[in-house]
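Peer 1: I'd like to ask some things about the structure below.
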Amino acid sequence: MLLAIDCGNTNALFAVHDGKQWRAQWRSATDTSRTADEYAVWLHQLLGMENLQLSDIDACVISTVVPQSLFHMRNLSRRYLKCEPMVIGEGDLDIGVTAVIDNPREVGADRLVNAAGARTFIDGALLLVDSGTATTFDLISSRGEFLGGAIAPGMNLALQALHDAAAKLPRIAIEKPPKTIGTNTVSAMQAGIFWGYVGLIDTLVRRIKSEYEEPLTVIGTGGVSPLFAGASETIERFDSDLTVRGLLDIYQRNRGQI
């Protein structure tokens with residue numbers, strides 16, 4: 001079985017694939033101080049709830065934008081899974097996507113993995129809108145070229161900034177408000193953040209489309225992307241599994257399984 005790990009700035013995703021299907025997925029808050037031993041205890045308990053064991057896993061693929069966490073996750077694979085992990089961005093891996101930008105090394109592993117995942121079911125040009133710690137817009141040509149995009153702060157960062165910088169503004173949860181005009185502080189903040197980000201997404205998508213010659217399929221992904229369903233006028237479909245699709249595709253591609 002394969003353990004796929006995607007470690008982002010806010011959350012880390014762990015998913016187990018048995019060669020035919022995904023058996024389980026779990027998320028954990030990213031904590032750079034969490035050791036391999038702590039990850040192993042956590043995984044052991046969760047695997048047991050799915051009638052699985054650490055010994056059932058014999059392969060591991062890791063994508064991370066948090067270098068401090070890679071050391072512990074690599075040790076988790078070596079010590080408890082008894083295998084050397086495949087790490088996105090190391091070696092000469094065939095990702096299936098080529099970065100064609102000023103400095104290809106600047107592209108985060110998560111963005112390339114998402115692109116690889118999207119290309120497993122769409123052949124044409126793509127625009128991926130990933131709503132997480134940051135809100136990213138990634139343009140992928142029909143030839144599998146990562147052409148660039150745009151990066152904006154994520155919704156949670158914007159809410160945190162409001163709370164930190166304004167003494168009277170509370171910390172609130174992200175929700176889709178029923179109206180644009182808020183009648184109290186919380187509803188006003190929710191309206192401003194939610195509809196503001198809908199506007200940000202739709203405006204950037206339209207501008208990117210106007211600058212690119214090929215028709216684009218626009219896919220929304222990321223932790224808060226489901227909130228935009230029915231609100232965004234430009235996102236055509238939502239897929240929260242792009243990352244694990246991409247990790248599986250890259251692993252199989254480089255093990256000669258596809």
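By order in the structure tokens, chains are A, B, ...; within a chain, residues start at 1; ligands start at 1, following the order shown.
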Could you find all residues in stretch 25-124 of chain A that DSSP calls strand (DSSP E) from the backbone, and write them as a PyMOL selection string?

Peer 2: chain A and resi 25-29+59-64+86-87+98-99

Peer 1: Those residues with N, CA and C atoms, as a PDB file, in the first residue's frame please?

Peer 2:
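So part.pdb came out as:
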```pdb
ATOM      1  N   GLN A  25      -8.353   8.820   4.251  1.00  0.00           N
ATOM      2  CA  GLN A  25      -7.655  10.096   4.216  1.00  0.00           C
ATOM      3  C   GLN A  25      -7.833  10.787   5.561  1.00  0.00           C
ATOM      4  N   TRP A  26      -6.765  11.438   6.032  1.00  0.00           N
ATOM      5  CA  TRP A  26      -6.826  12.178   7.286  1.00  0.00           C
ATOM      6  C   TRP A  26      -6.059  13.477   7.144  1.00  0.00           C
ATOM      7  N   ARG A  27      -6.475  14.474   7.916  1.00  0.00           N
ATOM      8  CA  ARG A  27      -5.778  15.759   7.945  1.00  0.00           C
ATOM      9  C   ARG A  27      -5.290  16.047   9.358  1.00  0.00           C
ATOM     10  N   SER A  28      -4.135  16.676   9.425  1.00  0.00           N
ATOM     11  CA  SER A  28      -3.559  17.088  10.698  1.00  0.00           C
ATOM     12  C   SER A  28      -3.035  18.507  10.549  1.00  0.00           C
ATOM     13  N   ALA A  29      -3.129  19.301  11.615  1.00  0.00           N
ATOM     14  CA  ALA A  29      -2.539  20.634  11.579  1.00  0.00           C
ATOM     15  C   ALA A  29      -1.037  20.510  11.388  1.00  0.00           C
ATOM     16  N   ALA A  59       5.156   1.742   0.721  1.00  0.00           N
ATOM     17  CA  ALA A  59       5.618   2.794  -0.173  1.00  0.00           C
ATOM     18  C   ALA A  59       5.097   4.138   0.331  1.00  0.00           C
ATOM     19  N   CYS A  60       5.845   5.187  -0.001  1.00  0.00           N
ATOM     20  CA  CYS A  60       5.472   6.511   0.492  1.00  0.00           C
ATOM     21  C   CYS A  60       5.893   7.564  -0.531  1.00  0.00           C
ATOM     22  N   VAL A  61       5.011   8.548  -0.761  1.00  0.00           N
ATOM     23  CA  VAL A  61       5.331   9.693  -1.608  1.00  0.00           C
ATOM     24  C   VAL A  61       4.971  10.954  -0.836  1.00  0.00           C
ATOM     25  N   ILE A  62       5.874  11.938  -0.858  1.00  0.00           N
ATOM     26  CA  ILE A  62       5.713  13.136  -0.042  1.00  0.00           C
ATOM     27  C   ILE A  62       5.823  14.387  -0.903  1.00  0.00           C
ATOM     28  N   SER A  63       4.881  15.290  -0.708  1.00  0.00           N
ATOM     29  CA  SER A  63       4.951  16.633  -1.275  1.00  0.00           C
ATOM     30  C   SER A  63       4.829  17.613  -0.120  1.00  0.00           C
ATOM     31  N   THR A  64       5.751  18.569  -0.041  1.00  0.00           N
ATOM     32  CA  THR A  64       5.665  19.524   1.052  1.00  0.00           C
ATOM     33  C   THR A  64       6.208  20.879   0.637  1.00  0.00           C
ATOM     34  N   MET A  86       9.478   8.688  -1.874  1.00  0.00           N
ATOM     35  CA  MET A  86       9.638   9.488  -3.078  1.00  0.00           C
ATOM     36  C   MET A  86       9.223  10.916  -2.704  1.00  0.00           C
ATOM     37  N   VAL A  87      10.127  11.875  -2.881  1.00  0.00           N
ATOM     38  CA  VAL A  87       9.861  13.255  -2.477  1.00  0.00           C
ATOM     39  C   VAL A  87       9.757  14.122  -3.724  1.00  0.00           C
ATOM     40  N   THR A  98       5.651  20.358 -16.837  1.00  0.00           N
ATOM     41  CA  THR A  98       6.918  21.075 -16.947  1.00  0.00           C
ATOM     42  C   THR A  98       6.705  22.551 -16.642  1.00  0.00           C
ATOM     43  N   ALA A  99       7.495  23.082 -15.715  1.00  0.00           N
ATOM     44  CA  ALA A  99       7.383  24.501 -15.360  1.00  0.00           C
ATOM     45  C   ALA A  99       8.094  25.345 -16.414  1.00  0.00           C
TER      46      ALA A  99
END
```

Peer 1: Report as CSV the residues of stretch 194-255 of chain A within 12 Å of stretch 156-164 of chain A, each with its shortest atom pair and distance in Å (one decimal), using only C-alpha atoms, ordered by chain and increasing residue number.

Peer 2:
```
residue,atom,partner,partner_atom,distance
A:Phe194,CA,A:Leu159,CA,10.2
A:Gly196,CA,A:Ala158,CA,10.6
A:Tyr197,CA,A:Ala158,CA,9.9
A:Gly223,CA,A:Asn156,CA,10.4
A:Val224,CA,A:Asn156,CA,9.1
```

Peer 1: One decimal, Å: what's the distance from atom CA of A:Asn11 over to atom CA of A:Ile174, could you say?

Peer 2: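 A separation of 16.5 Å between them.
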
Peer 1: To test your reading of the structure, identify every residue in stretch 168-215 of chain A that backbone DSSP assigns to alpha helix (DSSP H), and report it as a list in words.

Peer 2: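 DSSP-assigned alpha helix (DSSP H) residues in stretch 168-215 of chain A: Thr185, Val186, Ser187, Ala188, Met189, Gln190, Ala191, Gly192, Ile193, Phe194, Trp195, Gly196, Tyr197, Val198, Gly199, Leu200, Ile201, Asp202, Thr203, Leu204, Val205, Arg206, Arg207, Ile208, Lys209, Ser210 and Glu211 of chain A.
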
Peer 1: Using the selection just defined, write its residues with C-alpha atoms as a PDB file, in the first residue's frame.

Peer 2:
```
ATOM      1  CA  THR A 185     -19.914  43.115  13.014  1.00  0.00           C
ATOM      2  CA  VAL A 186     -19.695  39.373  12.407  1.00  0.00           C
ATOM      3  CA  SER A 187     -22.073  39.310   9.428  1.00  0.00           C
ATOM      4  CA  ALA A 188     -20.345  42.383   7.948  1.00  0.00           C
ATOM      5  CA  MET A 189     -16.934  40.680   8.213  1.00  0.00           C
ATOM      6  CA  GLN A 190     -18.267  37.474   6.702  1.00  0.00           C
ATOM      7  CA  ALA A 191     -19.873  39.366   3.825  1.00  0.00           C
ATOM      8  CA  GLY A 192     -16.750  41.390   3.125  1.00  0.00           C
ATOM      9  CA  ILE A 193     -14.417  38.399   3.185  1.00  0.00           C
ATOM     10  CA  PHE A 194     -16.648  35.912   1.367  1.00  0.00           C
ATOM     11  CA  TRP A 195     -18.011  38.112  -1.401  1.00  0.00           C
ATOM     12  CA  GLY A 196     -14.722  39.946  -1.635  1.00  0.00           C
ATOM     13  CA  TYR A 197     -12.963  36.682  -2.399  1.00  0.00           C
ATOM     14  CA  VAL A 198     -15.642  35.619  -4.852  1.00  0.00           C
ATOM     15  CA  GLY A 199     -14.991  38.904  -6.651  1.00  0.00           C
ATOM     16  CA  LEU A 200     -11.219  38.405  -6.456  1.00  0.00           C
ATOM     17  CA  ILE A 201     -11.490  34.896  -7.918  1.00  0.00           C
ATOM     18  CA  ASP A 202     -13.905  35.776 -10.708  1.00  0.00           C
ATOM     19  CA  THR A 203     -11.989  38.906 -11.715  1.00  0.00           C
ATOM     20  CA  LEU A 204      -8.614  37.156 -11.866  1.00  0.00           C
ATOM     21  CA  VAL A 205     -10.056  34.170 -13.730  1.00  0.00           C
ATOM     22  CA  ARG A 206     -11.631  36.449 -16.344  1.00  0.00           C
ATOM     23  CA  ARG A 207      -8.432  38.439 -16.781  1.00  0.00           C
ATOM     24  CA  ILE A 208      -6.301  35.300 -17.116  1.00  0.00           C
ATOM     25  CA  LYS A 209      -8.734  33.903 -19.674  1.00  0.00           C
ATOM     26  CA  SER A 210      -8.558  37.143 -21.666  1.00  0.00           C
ATOM     27  CA  GLU A 211      -4.746  36.925 -21.804  1.00  0.00           C
TER      28      GLU A 211
END
```

Peer 1: May I ask for the distance between atom CA of A:Arg78 and atom CA of A:Glu90, given in Å to one decimal place?

Peer 2: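 Pair atom CA of A:Arg78 / atom CA of A:Glu90 returns 16.3 Å.
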
Peer 1: Of the residues A:Pro170, A:Met1, A:Gly8, A:Trp22, which is the one nearest to A:Leu54, using only C-alpha atoms?

Peer 2: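 Distance minimum relative to A:Leu54 lands on A:Met1.
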
Peer 1: Sorted by chain and rising residue number, list the residues of stretch 95-182 of chain A at most 7 Å from stretch 242-248 of chain A (counting only C-alpha atoms), each with its closest atom pair and distance in Å to one decimal, as CSV.

Peer 2:
```
residue,atom,partner,partner_atom,distance
A:Val113,CA,A:Gly246,CA,4.9
A:Asn114,CA,A:Thr243,CA,4.9
A:Ala116,CA,A:Gly246,CA,4.7
A:Gly117,CA,A:Gly246,CA,3.5
A:Ala118,CA,A:Leu242,CA,5.9
```

Peer 1: Write a file of the just-selected residues containing C-alpha atoms, as a compact mmCIF listing (two decimals), in the first residue's frame.

Peer 2:
```
# COMPACT_ATOMS: atom_id res chain seq x y z
CA VAL A 113 1.10 18.04 -7.89
CA ASN A 114 -2.34 19.66 -8.30
CA ALA A 116 -0.62 16.52 -12.36
CA GLY A 117 -3.82 15.46 -10.60
CA ALA A 118 -6.02 17.59 -12.84
```

Peer 1: Counting only C-alpha atoms, what is within 8 Å of A:Leu139, bar same-chain residues fewer than 4 positions away, as a short mmCIF file (atom, residue, chain, number, x, y, z; two decimals) with C-alpha atoms, in the first residue's frame?

Peer 2:
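What landed in out-v8.cif:
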```
data_model
loop_
_atom_site.label_atom_id
_atom_site.label_comp_id
_atom_site.auth_asym_id
_atom_site.auth_seq_id
_atom_site.Cartn_x
_atom_site.Cartn_y
_atom_site.Cartn_z
CA ALA A 125 -5.68 23.73 -20.93
CA LEU A 126 -6.49 24.29 -17.25
CA LEU A 127 -6.76 27.04 -14.70
CA LEU A 128 -6.58 25.73 -11.14
CA PHE A 146 2.98 25.20 -16.04
CA LEU A 147 2.87 28.74 -17.42
CA GLY A 148 2.50 30.77 -14.23
CA GLY A 149 -0.46 32.41 -12.57
#
```

Peer 1: What lies within 9 Å of A:Glu214 using only C-alpha atoms, ignoring chain neighbours under 2 positions off, as a list in words?

Peer 2: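 Non-adjacent residues within range: Gly124, Ala125, Ser141, Ser142, Lys209, Tyr212 and Leu216 of chain A.
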
Peer 1: Identify which of the residues A:Ala173, A:Ala15, A:Leu76, A:Val66 lies closest to A:Val41, counting only C-alpha atoms when measuring atom-to-atom distances.

Peer 2: A:Leu76

Peer 1: By how many Å are atom CA of A:Val16 and atom CA of A:Asp241 apart?

Peer 2: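 Atom-to-atom, atom CA of A:Val16 to atom CA of A:Asp241, that is 12.8 Å.
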
Peer 1: Taking into account only C-alpha atoms, which residue in the set A:Val218, A:Leu52, A:Met73, A:Ala24 is nearest to A:Cys7?

Peer 2: A:Met73

Peer 1: So, counting only C-alpha atoms, which residue among A:Gly182, A:Asp94, A:Leu3, A:Ile57 is closest to A:Gly256?

Peer 2: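 Of the candidates, the smallest distance to A:Gly256 is held by A:Asp94.
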